[in-house]
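I have placed the structure first, in the form of structure tokens, so that the comments after it can refer back to it.
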Amino acid sequence: MTSTVTLGGNPFQVNGDFPRKGQTAPAFTLVGKDLADVSLSSFAGQRKVLNIFPSVDTPTCATSVRTFNEKAGTLVNTVVLCISADLPFALSRFCGAEGLDSVVTLSTMRGREFLEDYGVALSNGPLAGLAARAVVVLDGDDRVLHSQLVAEIKDEPDYDAALRALA
């Protein structure tokens, strides 16, 4: 299945099946900050906010990580997973420099099937191969409570809607 998002108003194709409310989220294995494989099942029983974005080296992506880090400290039994194509070293450096310790960073450097499995695979344009901006909120059993594929990549996700899904 394909969707379309824009970057600066220009349309780009997004491949894969974006999770919808009520569905069970696909399993995944990505790369953690210590280069170890980290799977969705590593967070079994916890609620999860998947903050998916192209690269922490862009202003909107960095803002989303900062904002979810700020909100994460107040969430009960919830982990925020910040997922991008950035190498684990870059994600760790960014979070360390910013003092962000309430989020878990994961890289698609291995486990690239995540991009299509979660319907965020940008397939054309300057960001082809990266993830579109999206937020997927899961309950403790990995059922989707909320999902947003952000229509304009430069826009921030709807933080309030994501957090309301956890209320």
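As shown in the structure tokens, the chain order sets the letters A, B, ...; within each chain, residues go from 1, and ligands are also counted from 1 in the order they appear.
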
Hey, which bits of segment 57-143 of chain A sit within 8 Å of segment 37-44 of chain A, and for each residue what's the closest pair of atoms and how far apart in Å (one decimal), counting only C-alpha atoms, rows by chain and increasing number, as a tab-separated table?
residue	atom	partner	partner_atom	distance
A:Val79	CA	A:Phe43	CA	7.8
A:Leu106	CA	A:Val38	CA	7.8
A:Gly140	CA	A:Ala44	CA	6.3
A:Asp141	CA	A:Ala44	CA	6.9
A:Asp142	CA	A:Ala44	CA	7.9

Do a neighbour search on segment 86-102 of chain A at 12 Å with only C-alpha atoms, toss out local chain neighbours closer than 5 positions, and write the hits as a PyMOL selection string. chain A and resi 30-38+49+52-58+61-75+78-81+107-110+129-131

Run DSSP on the backbone of this structure and report the residues of segment 2-101 of chain A it assigns to strand (DSSP E or B), as an MDAnalysis selection string. chainID A and resid 2:7 10:15 24 29:31 37:39 47:52 78:84

Would you write out those residues with N, CA, C and O atoms, as a short mmCIF file (atom, residue, chain, number, x, y, z; two decimals), in the first residue's frame?
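again-v5.cif, written as the output of this step:
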data_model
loop_
_atom_site.label_atom_id
_atom_site.label_comp_id
_atom_site.auth_asym_id
_atom_site.auth_seq_id
_atom_site.Cartn_x
_atom_site.Cartn_y
_atom_site.Cartn_z
N THR A 2 0.47 2.27 -0.67
CA THR A 2 1.25 3.51 -0.69
C THR A 2 0.41 4.67 -0.19
O THR A 2 -0.80 4.70 -0.34
N SER A 3 1.09 5.60 0.43
CA SER A 3 0.50 6.86 0.89
C SER A 3 1.34 7.97 0.29
O SER A 3 2.38 7.72 -0.32
N THR A 4 0.92 9.19 0.53
CA THR A 4 1.68 10.34 0.07
C THR A 4 1.83 11.32 1.22
O THR A 4 0.87 11.56 1.96
N VAL A 5 3.02 11.86 1.37
CA VAL A 5 3.28 12.96 2.29
C VAL A 5 3.98 14.04 1.48
O VAL A 5 4.37 13.80 0.34
N THR A 6 4.12 15.20 2.07
CA THR A 6 4.80 16.28 1.35
C THR A 6 6.02 16.73 2.14
O THR A 6 6.11 16.56 3.36
N LEU A 7 6.95 17.31 1.41
CA LEU A 7 8.12 17.96 1.98
C LEU A 7 8.19 19.33 1.30
O LEU A 7 8.42 19.39 0.09
N ASN A 10 5.90 19.57 -1.71
CA ASN A 10 6.11 18.64 -2.83
C ASN A 10 5.75 17.22 -2.38
O ASN A 10 6.23 16.76 -1.35
N PRO A 11 4.92 16.51 -3.16
CA PRO A 11 4.47 15.17 -2.75
C PRO A 11 5.56 14.11 -2.93
O PRO A 11 6.32 14.13 -3.90
N PHE A 12 5.58 13.17 -1.96
CA PHE A 12 6.50 12.03 -2.02
C PHE A 12 5.75 10.78 -1.60
O PHE A 12 4.89 10.81 -0.73
N GLN A 13 6.13 9.68 -2.21
CA GLN A 13 5.49 8.40 -1.97
C GLN A 13 6.04 7.74 -0.72
O GLN A 13 7.24 7.74 -0.47
N VAL A 14 5.11 7.14 0.05
CA VAL A 14 5.46 6.40 1.25
C VAL A 14 4.92 4.98 1.08
O VAL A 14 3.72 4.80 0.85
N ASN A 15 5.79 3.99 1.16
CA ASN A 15 5.39 2.60 0.96
C ASN A 15 5.20 1.87 2.28
O ASN A 15 5.84 2.20 3.28
N THR A 24 -2.93 -4.92 15.73
CA THR A 24 -1.74 -5.29 16.48
C THR A 24 -0.53 -4.83 15.68
O THR A 24 -0.46 -5.07 14.47
N THR A 29 12.79 -5.59 15.06
CA THR A 29 14.07 -5.58 15.75
C THR A 29 14.91 -4.49 15.11
O THR A 29 15.12 -4.49 13.89
N LEU A 30 15.34 -3.52 15.92
CA LEU A 30 16.15 -2.40 15.47
C LEU A 30 17.44 -2.37 16.29
O LEU A 30 17.71 -3.29 17.05
N VAL A 31 18.21 -1.30 16.15
CA VAL A 31 19.52 -1.22 16.80
C VAL A 31 19.51 -0.16 17.90
O VAL A 31 19.18 1.00 17.64
N ASP A 37 20.80 -5.53 19.24
CA ASP A 37 19.45 -5.61 18.69
C ASP A 37 18.44 -5.39 19.80
O ASP A 37 18.59 -5.92 20.91
N VAL A 38 17.42 -4.60 19.49
CA VAL A 38 16.34 -4.32 20.44
C VAL A 38 15.03 -4.58 19.71
O VAL A 38 14.79 -4.04 18.63
N SER A 39 14.19 -5.44 20.29
CA SER A 39 12.94 -5.79 19.63
C SER A 39 11.76 -5.15 20.33
O SER A 39 11.86 -4.71 21.48
N ARG A 47 3.36 0.35 27.77
CA ARG A 47 2.79 1.13 26.67
C ARG A 47 3.96 1.78 25.95
O ARG A 47 4.99 2.06 26.56
N LYS A 48 3.79 1.98 24.64
CA LYS A 48 4.90 2.49 23.84
C LYS A 48 4.43 3.64 22.95
O LYS A 48 3.37 3.56 22.36
N VAL A 49 5.25 4.69 22.90
CA VAL A 49 5.06 5.77 21.94
C VAL A 49 6.20 5.64 20.95
O VAL A 49 7.37 5.79 21.33
N LEU A 50 5.88 5.35 19.69
CA LEU A 50 6.90 5.26 18.65
C LEU A 50 6.95 6.61 17.95
O LEU A 50 6.01 6.99 17.25
N ASN A 51 8.00 7.35 18.20
CA ASN A 51 8.25 8.64 17.56
C ASN A 51 9.18 8.34 16.38
O ASN A 51 10.37 8.13 16.58
N ILE A 52 8.62 8.31 15.18
CA ILE A 52 9.35 7.90 13.97
C ILE A 52 9.66 9.15 13.15
O ILE A 52 8.75 9.97 12.92
N THR A 78 5.17 3.62 30.54
CA THR A 78 5.24 3.98 29.13
C THR A 78 6.68 4.29 28.75
O THR A 78 7.39 4.96 29.48
N VAL A 79 7.08 3.79 27.58
CA VAL A 79 8.40 4.07 27.05
C VAL A 79 8.23 4.80 25.71
O VAL A 79 7.33 4.48 24.94
N VAL A 80 9.07 5.80 25.49
CA VAL A 80 9.07 6.51 24.21
C VAL A 80 10.26 6.01 23.40
O VAL A 80 11.41 6.11 23.84
N LEU A 81 9.96 5.45 22.22
CA LEU A 81 10.99 4.94 21.33
C LEU A 81 11.15 5.92 20.17
O LEU A 81 10.21 6.15 19.42
N CYS A 82 12.31 6.53 20.06
CA CYS A 82 12.61 7.48 18.99
C CYS A 82 13.35 6.71 17.90
O CYS A 82 14.48 6.26 18.12
N ILE A 83 12.71 6.57 16.74
CA ILE A 83 13.19 5.68 15.69
C ILE A 83 13.53 6.47 14.43
O ILE A 83 12.68 7.19 13.90
N SER A 84 14.77 6.30 13.96
CA SER A 84 15.20 6.98 12.73
C SER A 84 16.32 6.18 12.08
O SER A 84 16.79 5.19 12.62
#

Between atom CA of Ala128 of chain A and atom CA of Ala162 of chain A - distance in Å to one decimal: 26.1 Å

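Restricting the calculation to only C-alpha atoms, the smallest distance between Leu163 of chain A and any of A:Pro59, A:Leu145, A:Phe18, A:Val150 is found for A:Leu145.
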
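In this structure, atom CA of Arg143 of chain A sits 7.6 Å away from atom CA of Lys21 of chain A.
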